[in-house]
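File shown: model-v5.cif (mmCIF, C-alpha atoms and all ligand atoms).
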```cif
data_input
loop_
_atom_site.label_atom_id
_atom_site.label_comp_id
_atom_site.auth_asym_id
_atom_site.auth_seq_id
_atom_site.Cartn_x
_atom_site.Cartn_y
_atom_site.Cartn_z
CA MET A 136 81.86 136.92 110.56
CA THR A 137 84.15 133.91 110.11
CA HIS A 138 83.99 131.46 107.21
CA LEU A 139 85.44 128.13 106.24
CA ILE A 140 87.58 128.59 103.12
CA HIS A 141 86.20 126.35 100.38
CA ARG A 142 88.16 125.29 97.29
CA ASN A 143 86.12 127.74 95.29
CA LEU A 144 85.96 130.88 97.38
CA ARG A 145 82.87 132.09 95.55
CA HIS A 146 80.84 128.96 95.93
CA THR A 147 79.69 126.97 98.95
CA PRO A 148 79.13 123.31 98.05
CA PRO A 149 76.15 121.31 99.34
CA VAL A 150 76.41 120.24 102.98
CA ALA A 151 76.93 116.48 103.34
CA VAL A 152 74.93 115.19 106.28
CA SER A 153 75.03 111.43 105.79
CA ALA A 154 76.67 108.80 103.64
CA PHE A 155 75.95 105.12 103.32
CA GLY A 156 77.26 102.54 100.85
CA MET A 157 77.24 104.06 97.37
CA TYR A 158 75.21 107.10 98.38
CA MET A 159 75.63 110.53 99.99
CA ARG A 160 72.88 112.84 101.19
CA ASP A 161 72.96 116.61 101.59
CA SER A 162 71.19 118.90 104.07
CA ALA A 163 68.41 119.57 101.53
CA GLY A 164 67.60 115.85 101.54
CA LYS A 165 68.99 115.22 98.06
CA THR A 166 70.74 111.89 97.43
CA TYR A 167 73.85 111.45 95.26
CA LEU A 168 75.17 108.24 93.73
CA ASP A 169 78.92 108.28 94.40
CA ALA A 170 80.29 107.06 91.06
CA SER A 171 83.76 108.49 91.64
CA GLY A 172 84.41 107.46 95.26
CA GLY A 173 84.97 111.18 95.89
CA ALA A 174 88.32 111.45 94.11
CA ALA A 175 88.89 107.69 93.70
CA VAL A 176 89.02 107.29 97.46
CA SER A 177 85.94 105.52 98.87
CA SER A 178 86.62 102.00 97.66
CA LEU A 179 84.36 100.35 100.27
CA GLY A 180 81.61 102.92 100.06
CA HIS A 181 80.54 104.89 103.10
CA SER A 182 79.87 103.81 106.71
CA HIS A 183 81.29 100.30 106.41
CA PRO A 184 80.58 98.70 109.82
CA ASP A 185 83.89 96.78 110.04
CA VAL A 186 85.95 99.91 109.48
CA LEU A 187 83.90 101.98 111.93
CA ALA A 188 84.23 99.25 114.59
CA ALA A 189 88.00 98.99 114.12
CA MET A 190 88.41 102.76 114.41
CA GLN A 191 86.25 102.91 117.51
CA ALA A 192 88.16 100.08 119.19
CA GLN A 193 91.47 101.81 118.45
CA MET A 194 90.19 105.16 119.71
CA LYS A 195 89.23 103.52 122.98
CA SER A 196 92.63 101.87 123.44
CA ALA A 197 95.18 104.45 122.18
CA SER A 198 93.82 107.29 120.09
CA TYR A 199 97.24 108.86 119.50
CA ALA A 200 100.82 107.72 119.96
CA HIS A 201 103.66 109.93 118.68
CA SER A 202 105.89 107.81 116.45
CA GLY A 203 108.98 109.35 118.08
CA PHE A 204 107.97 107.67 121.35
CA PHE A 205 105.93 104.58 120.47
CA THR A 206 104.85 102.16 117.81
CA THR A 207 101.45 100.42 117.84
CA ASP A 208 100.25 96.93 116.97
CA VAL A 209 97.88 98.28 114.30
CA ALA A 210 100.64 100.20 112.50
CA GLU A 211 102.94 97.17 112.61
CA GLU A 212 100.21 94.82 111.34
CA LEU A 213 99.22 97.20 108.56
CA ALA A 214 102.84 97.51 107.41
CA HIS A 215 103.20 93.73 107.51
CA ARG A 216 100.09 93.24 105.35
CA LEU A 217 101.00 95.86 102.79
CA ALA A 218 104.54 94.52 102.45
CA THR A 219 103.51 90.86 102.36
CA ASP A 220 101.16 91.51 99.45
CA ALA A 221 103.52 93.85 97.59
CA PRO A 222 105.58 92.58 94.66
CA GLY A 223 109.26 91.68 95.12
CA ASP A 224 111.16 92.93 98.13
CA LEU A 225 109.05 96.01 98.81
CA ASN A 226 109.29 94.95 102.44
CA HIS A 227 109.31 98.29 104.24
CA VAL A 228 106.46 100.69 104.92
CA TYR A 229 106.50 104.29 106.15
CA LEU A 230 103.08 105.61 107.20
CA VAL A 231 102.17 109.24 106.55
CA SER A 232 98.99 111.31 106.44
CA GLY A 233 98.06 111.45 102.73
CA GLY A 234 99.09 111.15 99.10
CA SER A 235 101.10 114.37 98.73
CA GLU A 236 103.05 113.58 101.86
CA ALA A 237 103.71 110.07 100.57
CA ILE A 238 105.28 111.61 97.46
CA GLU A 239 107.31 114.08 99.54
CA ALA A 240 108.55 111.19 101.69
CA ALA A 241 109.40 109.09 98.61
CA LEU A 242 111.39 111.96 97.05
CA LYS A 243 113.29 112.53 100.27
CA LEU A 244 114.00 108.85 100.88
CA ALA A 245 115.26 108.58 97.29
CA ARG A 246 117.56 111.58 97.76
CA GLN A 247 118.76 110.28 101.13
CA TYR A 248 119.52 106.90 99.54
CA PHE A 249 122.08 108.53 97.28
CA VAL A 250 123.46 111.01 99.83
CA GLU A 251 124.11 108.14 102.22
CA GLY A 252 125.67 106.17 99.39
CA GLY A 253 128.27 108.92 98.87
CA GLU A 254 126.60 110.58 95.85
CA PRO A 255 125.37 113.94 97.18
CA GLN A 256 125.50 115.49 93.69
CA ARG A 257 122.35 113.62 92.64
CA ARG A 258 119.45 116.07 92.49
CA VAL A 259 117.46 115.45 89.29
CA PHE A 260 114.03 113.85 89.22
CA ILE A 261 112.43 112.91 85.92
CA ALA A 262 108.64 112.86 85.56
CA ARG A 263 106.05 112.94 82.80
CA ARG A 264 104.45 116.02 81.34
CA GLN A 265 100.87 115.07 82.01
CA SER A 266 101.02 113.82 85.55
CA TYR A 267 99.80 114.81 88.97
CA HIS A 268 101.70 113.88 92.10
CA GLY A 269 100.16 116.14 94.74
CA ASN A 270 99.82 119.71 95.90
CA THR A 271 102.68 120.31 98.36
CA LEU A 272 105.64 122.13 96.81
CA GLY A 273 107.84 119.09 96.16
CA ALA A 274 104.99 117.00 94.79
CA LEU A 275 103.68 119.95 92.76
CA ALA A 276 107.13 120.45 91.25
CA LEU A 277 107.24 116.79 90.25
CA GLY A 278 103.83 116.83 88.56
CA GLY A 279 103.09 118.46 85.23
CA ASN A 280 99.62 119.84 85.92
CA GLU A 281 99.97 123.34 84.52
CA ALA A 282 96.87 124.86 86.06
CA ARG A 283 97.78 123.76 89.56
CA ARG A 284 101.43 124.80 89.17
CA ARG A 285 101.01 128.17 87.44
CA GLN A 286 101.05 130.54 90.41
CA PHE A 287 103.83 128.69 92.19
CA GLU A 288 106.29 128.09 89.34
CA LEU A 289 108.97 130.34 90.88
CA LEU A 290 109.01 128.24 94.03
CA LEU A 291 109.26 124.84 92.35
CA MET A 292 112.42 122.76 91.88
CA ASP A 293 113.39 121.93 88.30
CA VAL A 294 112.22 118.55 87.10
CA ALA A 295 113.23 116.95 83.80
CA ARG A 296 110.22 115.92 81.69
CA VAL A 297 109.28 113.24 79.22
CA ALA A 298 106.05 112.50 77.36
CA PRO A 299 103.33 110.51 79.07
CA CYS A 300 102.29 107.13 77.70
CA TYR A 301 99.07 108.39 76.10
CA GLU A 302 98.32 106.21 73.17
CA TYR A 303 94.88 107.66 72.35
CA ARG A 304 96.34 111.09 71.48
CA ASP A 305 100.01 110.50 70.82
CA ARG A 306 100.37 107.32 68.77
CA PRO A 307 100.23 108.39 65.12
CA ALA A 308 97.79 106.41 62.98
CA GLY A 309 99.67 103.52 61.47
CA GLN A 310 102.47 103.46 64.04
CA ASP A 311 103.04 100.09 65.61
CA LEU A 312 102.35 99.94 69.38
CA GLN A 313 105.83 98.56 70.03
CA ASP A 314 107.44 101.39 68.07
CA TYR A 315 105.38 103.95 69.97
CA THR A 316 106.50 102.44 73.29
CA ALA A 317 110.12 102.24 72.14
CA GLY A 318 110.00 105.94 71.22
CA LEU A 319 108.84 106.87 74.73
CA LEU A 320 111.61 104.82 76.29
CA ALA A 321 114.19 106.35 73.95
CA GLU A 322 113.07 109.79 75.13
CA LEU A 323 113.47 108.76 78.77
CA GLU A 324 116.96 107.45 78.07
CA GLU A 325 117.83 110.67 76.26
CA ARG A 326 116.67 112.70 79.26
CA ILE A 327 118.78 110.59 81.66
CA ILE A 328 121.87 111.04 79.48
CA GLU A 329 121.20 114.78 79.07
CA ALA A 330 121.06 115.27 82.85
CA GLY A 331 124.04 112.96 83.35
CA PRO A 332 123.09 109.64 84.92
CA GLN A 333 125.36 110.42 87.88
CA ASN A 334 123.09 113.41 88.68
CA VAL A 335 119.74 111.66 88.45
CA ILE A 336 117.88 110.40 91.52
CA GLY A 337 114.90 108.75 89.90
CA PHE A 338 111.99 108.55 87.53
CA CYS A 339 108.44 108.88 88.89
CA ALA A 340 105.22 107.88 87.13
CA GLU A 341 101.66 106.77 87.83
CA PRO A 342 101.19 103.17 86.57
CA VAL A 343 97.66 104.18 85.50
CA VAL A 344 97.40 107.96 85.09
CA GLY A 345 94.58 109.48 87.10
CA ALA A 346 93.93 113.16 87.62
CA THR A 347 95.53 114.57 84.45
CA LEU A 348 94.49 112.02 81.83
CA GLY A 349 91.63 109.98 83.22
CA ALA A 350 92.55 106.33 83.83
CA VAL A 351 95.21 105.80 81.16
CA PRO A 352 97.24 102.60 81.57
CA ALA A 353 100.67 102.25 79.98
CA THR A 354 101.22 100.32 76.77
CA PRO A 355 102.47 96.71 77.08
CA GLY A 356 106.17 96.61 77.93
CA TYR A 357 106.45 100.31 78.84
CA PHE A 358 107.17 99.81 82.53
CA LYS A 359 109.44 96.81 81.83
CA GLY A 360 111.43 99.21 79.66
CA VAL A 361 111.40 101.88 82.39
CA ARG A 362 112.67 99.35 84.93
CA ALA A 363 115.45 98.24 82.58
CA LEU A 364 116.57 101.86 81.99
CA CYS A 365 116.54 102.64 85.71
CA ASP A 366 118.69 99.55 86.33
CA ARG A 367 121.05 100.35 83.47
CA TYR A 368 121.71 103.89 84.73
CA GLY A 369 121.51 103.16 88.46
CA ILE A 370 118.51 105.40 89.20
CA LEU A 371 115.38 104.69 91.23
CA PHE A 372 111.91 104.00 89.87
CA ILE A 373 109.16 105.56 92.00
CA ALA A 374 105.60 104.38 91.28
CA ASP A 375 102.89 106.83 92.33
CA GLU A 376 99.96 104.59 93.21
CA VAL A 377 98.14 107.18 95.29
CA MET A 378 95.12 107.04 92.99
CA CYS A 379 95.47 103.76 91.08
CA GLY A 380 96.70 101.56 93.94
CA MET A 381 94.98 99.52 96.65
CA GLY A 382 92.81 97.39 94.41
CA ARG A 383 91.30 100.07 92.19
CA THR A 384 92.60 98.37 89.01
CA GLY A 385 91.86 94.80 90.14
CA THR A 386 95.24 94.02 91.72
CA LEU A 387 96.26 95.45 95.07
CA TYR A 388 99.13 97.32 93.40
CA ALA A 389 98.47 98.54 89.86
CA ILE A 390 102.10 97.95 88.82
CA GLU A 391 101.66 94.19 89.41
CA GLN A 392 99.92 94.09 86.03
CA ASP A 393 103.03 95.49 84.37
CA GLY A 394 105.23 92.81 85.95
CA VAL A 395 107.92 95.02 87.48
CA VAL A 396 109.03 95.97 90.99
CA PRO A 397 109.55 99.71 91.65
CA ASP A 398 112.11 100.84 94.22
CA LEU A 399 109.54 103.01 95.98
CA VAL A 400 105.73 103.07 95.87
CA ALA A 401 103.55 105.94 97.13
CA LEU A 402 100.05 105.17 98.43
CA GLY A 403 97.13 107.28 99.70
CA LYS A 404 93.41 107.56 98.93
CA GLY A 405 92.21 103.91 98.80
CA LEU A 406 94.64 102.83 101.54
CA ALA A 407 92.07 103.75 104.20
CA ALA A 408 89.30 104.33 101.64
CA GLY A 409 88.50 107.79 103.04
CA TYR A 410 87.82 106.66 106.60
CA GLN A 411 90.98 108.43 107.76
CA PRO A 412 93.60 110.61 106.05
CA VAL A 413 96.55 108.26 105.56
CA GLY A 414 99.26 107.51 103.02
CA ALA A 415 102.32 105.29 102.84
CA VAL A 416 105.64 104.79 101.12
CA LEU A 417 106.81 101.28 100.40
CA ALA A 418 110.54 100.76 99.90
CA ARG A 419 112.70 97.88 98.75
CA ASP A 420 115.33 96.23 100.93
CA HIS A 421 118.32 97.91 99.30
CA VAL A 422 116.90 101.40 99.89
CA VAL A 423 116.12 100.91 103.57
CA GLU A 424 119.27 98.90 104.31
CA ARG A 425 121.47 101.71 103.03
CA VAL A 426 119.83 104.29 105.31
CA ARG A 427 119.74 101.88 108.24
CA ASN A 428 123.46 101.19 107.83
CA GLY A 429 124.22 104.87 107.22
CA SER A 430 122.75 107.64 109.36
CA GLY A 431 120.07 105.28 110.69
CA VAL A 432 117.43 108.02 110.54
CA PHE A 433 114.91 108.84 107.80
CA GLN A 434 114.72 112.62 107.90
CA HIS A 435 110.98 112.97 107.44
CA GLY A 436 109.14 113.05 110.74
CA HIS A 437 105.64 114.49 110.91
CA THR A 438 103.40 114.75 113.96
CA TYR A 439 100.82 112.33 112.56
CA ASN A 440 103.16 109.63 111.15
CA ALA A 441 101.71 106.16 111.73
CA HIS A 442 98.62 107.59 113.45
CA PRO A 443 97.01 104.63 115.24
CA VAL A 444 93.38 105.38 114.35
CA ALA A 445 94.36 105.97 110.71
CA ALA A 446 96.33 102.71 110.77
CA ALA A 447 93.34 100.89 112.29
CA ALA A 448 91.05 102.22 109.55
CA ALA A 449 93.51 101.22 106.81
CA LEU A 450 94.05 97.78 108.34
CA ALA A 451 90.29 97.18 108.51
CA VAL A 452 89.92 98.26 104.86
CA GLN A 453 92.71 95.89 103.84
CA LYS A 454 91.08 93.02 105.73
CA VAL A 455 87.68 93.63 104.11
CA ILE A 456 89.24 93.75 100.62
CA ARG A 457 90.78 90.32 101.19
CA ARG A 458 87.91 88.72 103.15
CA ASP A 459 85.26 89.76 100.62
CA CYS A 460 87.48 88.89 97.61
CA LEU A 461 87.06 92.42 96.29
CA LEU A 462 90.07 92.35 93.95
CA GLY A 463 88.41 89.72 91.79
CA ALA A 464 85.13 91.62 92.05
CA VAL A 465 86.83 94.80 90.79
CA THR A 466 88.12 92.98 87.70
CA VAL A 467 84.73 91.46 86.90
CA ARG A 468 82.65 94.54 87.73
CA GLY A 469 85.13 96.78 85.94
CA ALA A 470 84.74 94.79 82.73
CA THR A 471 80.93 94.93 83.08
CA PHE A 472 81.06 98.66 83.81
CA ARG A 473 83.20 99.44 80.76
CA ARG A 474 80.91 97.31 78.60
CA MET A 475 77.86 99.19 79.91
CA LEU A 476 79.58 102.51 79.23
CA ARG A 477 80.50 101.41 75.71
CA ASP A 478 76.91 100.33 75.09
CA ALA A 479 75.67 103.70 76.30
CA PHE A 480 78.32 106.07 74.94
CA GLY A 481 80.51 104.04 72.56
CA ALA A 482 79.02 105.68 69.50
CA HIS A 483 78.44 109.11 71.00
CA ARG A 484 80.14 111.73 68.84
CA ASN A 485 81.47 113.59 71.91
CA VAL A 486 82.99 110.55 73.61
CA GLY A 487 86.39 109.92 72.03
CA ASP A 488 87.65 107.17 74.27
CA ILE A 489 86.46 104.90 77.08
CA ARG A 490 89.42 103.36 78.91
CA GLY A 491 90.84 102.17 82.17
CA ARG A 492 91.49 99.13 84.29
CA GLY A 493 89.21 97.57 86.88
CA LEU A 494 86.92 100.15 88.44
CA PHE A 495 89.19 103.00 87.34
CA VAL A 496 87.56 104.28 84.17
CA GLY A 497 88.01 107.43 82.08
CA LEU A 498 85.92 109.01 79.33
CA GLU A 499 87.64 111.51 77.06
CA LEU A 500 85.27 114.15 75.73
CA VAL A 501 85.87 115.56 72.25
CA GLN A 502 84.07 117.79 69.76
CA ASP A 503 84.38 115.12 67.13
CA ARG A 504 85.30 111.49 67.73
CA ASP A 505 86.74 111.02 64.24
CA THR A 506 89.22 113.91 64.38
CA LYS A 507 89.64 113.72 68.21
CA ARG A 508 89.35 117.52 68.23
CA PRO A 509 89.05 118.66 71.85
CA PHE A 510 86.64 121.30 73.11
CA ASP A 511 87.76 124.88 73.69
CA PRO A 512 89.34 124.89 77.19
CA ASP A 513 87.55 128.14 78.02
CA LEU A 514 84.30 126.19 77.93
CA LYS A 515 85.49 124.19 80.96
CA LEU A 516 83.31 121.39 79.73
CA HIS A 517 84.54 118.89 82.34
CA ALA A 518 83.42 121.26 85.10
CA ALA A 519 80.05 121.76 83.44
CA VAL A 520 79.57 117.99 83.23
CA LYS A 521 80.36 117.66 86.94
CA GLU A 522 77.86 120.39 87.75
CA GLN A 523 75.14 118.82 85.61
CA ALA A 524 75.83 115.41 87.11
CA MET A 525 75.56 116.81 90.64
CA ALA A 526 72.27 118.45 89.68
CA CYS A 527 71.10 114.97 88.62
CA GLY A 528 72.38 113.40 91.86
CA LEU A 529 75.50 111.77 90.42
CA MET A 530 79.13 112.25 91.51
CA VAL A 531 81.74 112.03 88.72
CA TYR A 532 85.30 113.37 88.89
CA PRO A 533 86.10 115.91 86.18
CA MET A 534 89.48 116.96 84.89
CA GLY A 535 90.72 118.97 81.99
CA GLY A 536 91.55 122.39 80.72
CA THR A 537 95.02 123.07 79.39
CA ILE A 538 97.72 120.75 80.59
CA ASP A 539 101.19 121.28 79.21
CA GLY A 540 99.78 123.32 76.38
CA ARG A 541 97.36 120.57 75.40
CA ARG A 542 93.64 120.59 75.76
CA GLY A 543 91.38 117.87 76.94
CA ASP A 544 88.32 117.10 78.98
CA HIS A 545 88.08 113.86 80.89
CA ILE A 546 85.56 112.35 83.24
CA LEU A 547 86.86 109.87 85.77
CA LEU A 548 84.60 107.18 87.18
CA ALA A 549 85.88 105.27 90.17
CA PRO A 550 82.91 103.69 91.93
CA PRO A 551 83.27 101.82 95.22
CA PHE A 552 84.23 98.15 94.80
CA ILE A 553 80.85 97.18 96.27
CA ALA A 554 78.96 98.73 93.33
CA THR A 555 76.41 96.42 91.74
CA GLU A 556 75.26 96.32 88.12
CA ALA A 557 72.06 98.04 89.24
CA ASP A 558 74.05 100.89 90.84
N1 LIG B 1 99.44 111.34 93.45
C1 LIG B 1 98.38 111.09 92.67
C2 LIG B 1 98.54 110.17 91.50
C3 LIG B 1 97.13 111.67 92.94
O1 LIG B 1 96.09 111.42 92.13
C4 LIG B 1 97.01 112.52 94.07
C5 LIG B 1 95.72 113.17 94.37
O2 LIG B 1 94.82 113.23 93.57
C6 LIG B 1 98.14 112.75 94.87
C7 LIG B 1 99.34 112.15 94.54
C8 LIG B 1 98.04 113.64 96.08
O3 LIG B 1 97.29 113.03 97.06
P1 LIG B 1 96.54 113.90 98.19
O4 LIG B 1 95.55 114.75 97.49
O5 LIG B 1 95.95 112.87 99.09
O6 LIG B 1 97.59 114.70 98.88
#
```
Using structure tokens, write down the structure from this file.
Ligand code: PLP
Amino acid sequence: MTHLIHRNLRHTPPVAVSAFGMYMRDSAGKTYLDASGGAAVSSLGHSHPDVLAAMQAQMKSASYAHSGFFTTDVAEELAHRLATDAPGDLNHVYLVSGGSEAIEAALKLARQYFVEGGEPQRRVFIARRQSYHGNTLGALALGGNEARRRQFELLLMDVARVAPCYEYRDRPAGQDLQDYTAGLLAELEERIIEAGPQNVIGFCAEPVVGATLGAVPATPGYFKGVRALCDRYGILFIADEVMCGMGRTGTLYAIEQDGVVPDLVALGKGLAAGYQPVGAVLARDHVVERVRNGSGVFQHGHTYNAHPVAAAAALAVQKVIRRDCLLGAVTVRGATFRRMLRDAFGAHRNVGDIRGRGLFVGLELVQDRDTKRPFDPDLKLHAAVKEQAMACGLMVYPMGGTIDGRRGDHILLAPPFIATEAD
């Protein structure tokens, strides 16, 4: 007998048979309200007619074109849109097939940038302890998610680490926000100097942390400080916007709200809102020009790069976001959503923090909100909450357990941008 391998090999999840708008239905006829967009993916909800029509039209014209032979109008137009709306001179777009591959491509482009600039000794990436950048070996090495890394540690490249910007847990009572931020930046500078700036390729971080912390934005000035350090020491700043990008926080790129321009940006999830598996890397002029004037070839070709149907889905999603003014809607609905959550859970003794930006919202679960004492990780409370929610017909995205020796349970809510107050 043959079987599909599920994430949990001892458990077969419900069978999804239909999905429409905010809702999914399983084969038993049960309906689920999708309050997490899967894993912060389905920003337009399910079965959006414009996206389906665009995919169908593309399938009828050219359903596949290998990027080593052809380009397509949809891929070119998508790149043009993403770059036009990106901050600064992030003018170049490389299309891949998902978030992890976007990170792999960003790491390789960053390395190639220095090799082609005559600095082949550069090999160090710096990332934050509580971070998640994907599940392929390079991306897994970069991220600090202990549970996902554990069995593969021996295979992972060394990455230098600094603390995340996690004010709720890490800012001591009485410490000024500016001093807290300055301390984090001092640690980053220390790490660059320790590695030798001439050996460092870049620093990678999620502008709003998703899967390891639950929608945690940086403190004011943090990313301005990161940008300044990267400039001072001549290293690249890579923003991982796989989860927080593409409008989820109320601006197309989350980093816009921090007022800086990264050298590279990784995208996935919301780019095609789940209609197709697609990711992208955006790069600034100076990065691409160096490779163009050097070897002329970016050494990262995959079979499905710039897949035309994926590009058509992403382009349609991008058009709907703009046409229906969804960025503004995310800001307004996000504020309403957080207010509703605070009204409902703000005084709950097991809800320590309600945070986020736009429709990217996290709840941190604690034993006691005054002491912030977390639950025992063996309880796997976040998983139990997910299970209970599913039993009630509600999809929420759980995360937690032990990450970098620290415990925590978080629930991520990332509803589609079309969600109404009633939803
Ligand atoms: N980067 C971040 C910030 C993510 O949240 C994820 C996935 O959750 C990834 C990268 C990896 O993306 P994918 O699962 O599409 O490969």
Can you build me a table of chain A residues sitting at most 8 Å from ligand LIG 1 (chain B), with the closest atom pair per residue and its distance in Å to one decimal, using only C-alpha atoms and all ligand atoms, sorted by chain and residue number, as CSV?
```
residue,atom,partner,partner_atom,distance
A:Ala174,CA,B:LIG1,O2,6.8
A:Gly233,CA,B:LIG1,O5,4.4
A:Gly234,CA,B:LIG1,O3,3.3
A:Ser235,CA,B:LIG1,O6,3.5
A:Glu236,CA,B:LIG1,O6,6.3
A:Ala237,CA,B:LIG1,C7,7.7
A:Ile238,CA,B:LIG1,C7,6.6
A:Ser266,CA,B:LIG1,C2,7.4
A:Tyr267,CA,B:LIG1,C2,5.4
A:His268,CA,B:LIG1,N1,3.7
A:Gly269,CA,B:LIG1,C8,3.5
A:Asn270,CA,B:LIG1,O6,6.2
A:Thr271,CA,B:LIG1,O6,7.6
A:Ala274,CA,B:LIG1,C7,7.5
A:Glu341,CA,B:LIG1,C2,5.9
A:Val344,CA,B:LIG1,C2,6.9
A:Gly345,CA,B:LIG1,O1,5.6
A:Ala346,CA,B:LIG1,O1,5.3
A:Asp375,CA,B:LIG1,C2,5.5
A:Glu376,CA,B:LIG1,C2,6.0
A:Val377,CA,B:LIG1,C1,4.7
A:Met378,CA,B:LIG1,O1,4.6
A:Cys379,CA,B:LIG1,C2,7.1
A:Ala401,CA,B:LIG1,N1,7.7
A:Leu402,CA,B:LIG1,N1,8.0
A:Gly403,CA,B:LIG1,O5,5.7
A:Lys404,CA,B:LIG1,O5,5.9
A:Pro412,CA,B:LIG1,O5,7.7
A:Val413,CA,B:LIG1,O5,8.0
A:Gly414,CA,B:LIG1,O5,7.4
```
Distance table requested - range 390-501 of chain A against range 280-303 of chain A, cut-off 10 Å, all atoms listed in the file: one row per qualifying residue with the closest atom pair and its distance in Å to one decimal, ordered by chain and rising residue number, as a tab-separated table.
```
residue	atom	partner	partner_atom	distance
A:Gly487	CA	A:Tyr303	CA	8.8
A:Asp488	CA	A:Tyr303	CA	7.5
A:Arg490	CA	A:Tyr303	CA	9.6
A:Glu499	CA	A:Tyr303	CA	9.5
```
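Note that the spacing between CA of Thr471 in chain A and CA of Pro550 in chain A amounts to 12.6 Å.
Each of A:Thr354, A:Gln191, A:Ser177, A:Thr206 was checked against Asp311 in chain A using all atoms listed in the file; the smallest atom-to-atom distance is that of A:Thr354.
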Original post:
So what do you get for CA of Tyr368 in chain A versus CA of Glu239 in chain A, distance-wise?
Top reply: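 A separation of 23.0 Å between them.
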**OP:** Within 12 Å of Arg427 in chain A, counting all atoms listed in the file, which residues show up once you throw out same-chain ones fewer than 5 positions away? Write them as a PyMOL selection string, please.
**Re:** chain A and resi 227+244+247-248+251-252+420-422+432-434
Subject >> Residue nearest Pro355 in chain A among A:Gln193, A:Thr555, A:Gln310, A:Gln392 (counting only C-alpha atoms) >> reply: A:Gln392
Original post:
For Ile546 in chain A, which of A:Gly360, A:Ala447, A:Val351, A:Leu319 is the closest residue, counting only C-alpha atoms?
Top reply: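 Under the stated criterion, the closest residue is A:Val351.
Candidate residues A:Leu348, A:Ser232, A:Gly309, A:Ala163 were compared for distance to Ala407 in chain A, and the nearest is A:Ser232, using all atoms listed in the file.
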Subject >> Counting all atoms listed in the file, the option among A:Pro332, A:Gly356, A:Gly273, A:Gly173 closest to Gln313 in chain A >> reply: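 Between A:Pro332, A:Gly356, A:Gly273, A:Gly173, the residue approaching Gln313 in chain A most closely is A:Gly356.
Considering all atoms listed in the file, the residue among A:Leu371, A:Leu450, A:Met475, A:Ala241 positioned nearest to Tyr410 in chain A is A:Leu450.
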Counting all atoms listed in the file, give me one row per residue of range 365-436 of chain A with an atom at most 10 Å from an atom of range 493-496 of chain A, showing the shortest contact pair and its distance in Å to one decimal, sorted by chain then residue number, as CSV.
```
residue,atom,partner,partner_atom,distance
A:Met378,CA,A:Phe495,CA,9.1
A:Cys379,CA,A:Phe495,CA,7.3
A:Gly382,CA,A:Gly493,CA,8.3
A:Arg383,CA,A:Leu494,CA,5.8
A:Thr384,CA,A:Gly493,CA,4.1
A:Gly385,CA,A:Gly493,CA,5.0
A:Thr386,CA,A:Gly493,CA,8.5
A:Ala389,CA,A:Gly493,CA,9.8
```
**OP:** Identify, on the basis of all atoms listed in the file, every residue whose closest approach to Ser178 in chain A does not exceed 7 Å; exclude the query and any residue fewer than 6 positions from it along the same chain; express the result as a PyMOL selection string.
**Re:** chain A and resi 172+405+408+551-552
Those selected residues, please, written with C-alpha atoms and delivered as a PDB file, keeping the file's coordinate frame.
```
ATOM      1  CA  GLY A 172      84.410 107.460  95.260  1.00  0.00           C
ATOM      2  CA  GLY A 405      92.210 103.910  98.800  1.00  0.00           C
ATOM      3  CA  ALA A 408      89.300 104.330 101.640  1.00  0.00           C
ATOM      4  CA  PRO A 551      83.270 101.820  95.220  1.00  0.00           C
ATOM      5  CA  PHE A 552      84.230  98.150  94.800  1.00  0.00           C
TER       6      PHE A 552
END
```
Original post:
If we count all atoms listed in the file, what is near Met381 in chain A at a cut-off of 7 Å, once residues fewer than 5 positions away on the same chain are taken out, given as a PyMOL selection string?
Top reply: chain A and resi 387-388+405-406
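Between CA of Val152 in chain A and CA of Gly164 in chain A the separation is 8.8 Å.
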With all atoms of range 275-285 of chain A from the file as input, state the centre and edge lengths in Å to one decimal of the axis-aligned box that has 4 Å extra on each side, as JSON.
```
{"center_x": 102.1, "center_y": 122.5, "center_z": 88.6, "size_x": 18.4, "size_y": 19.4, "size_z": 16.2}
```
**OP:** Write out as a ChimeraX atom specification the residues lying within 10 Å of Leu516 in chain A, counting all atoms listed in the file and excluding same-chain residues fewer than 6 positions away.
**Re:** /A:500-501,510,522,533-536,543-546
Any chance you can output those residues with C-alpha atoms as a compact mmCIF listing (two decimals), in the coordinates of the input?
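Below you can see again.txt, which holds the result:
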```txt
# COMPACT_ATOMS: atom_id res chain seq x y z
CA LEU A 500 85.27 114.15 75.73
CA VAL A 501 85.87 115.56 72.25
CA PHE A 510 86.64 121.30 73.11
CA GLU A 522 77.86 120.39 87.75
CA PRO A 533 86.10 115.91 86.18
CA MET A 534 89.48 116.96 84.89
CA GLY A 535 90.72 118.97 81.99
CA GLY A 536 91.55 122.39 80.72
CA GLY A 543 91.38 117.87 76.94
CA ASP A 544 88.32 117.10 78.98
CA HIS A 545 88.08 113.86 80.89
CA ILE A 546 85.56 112.35 83.24
```
Original post:
Around (117.8, 112.6, 86.9) in the file's own coordinates, what residues are found within 12 Å if you use all atoms listed in the file, given back as a PyMOL selection string?
Top reply: chain A and resi 245-246+249+256-262+277+293-297+323-339+364-365+368-372
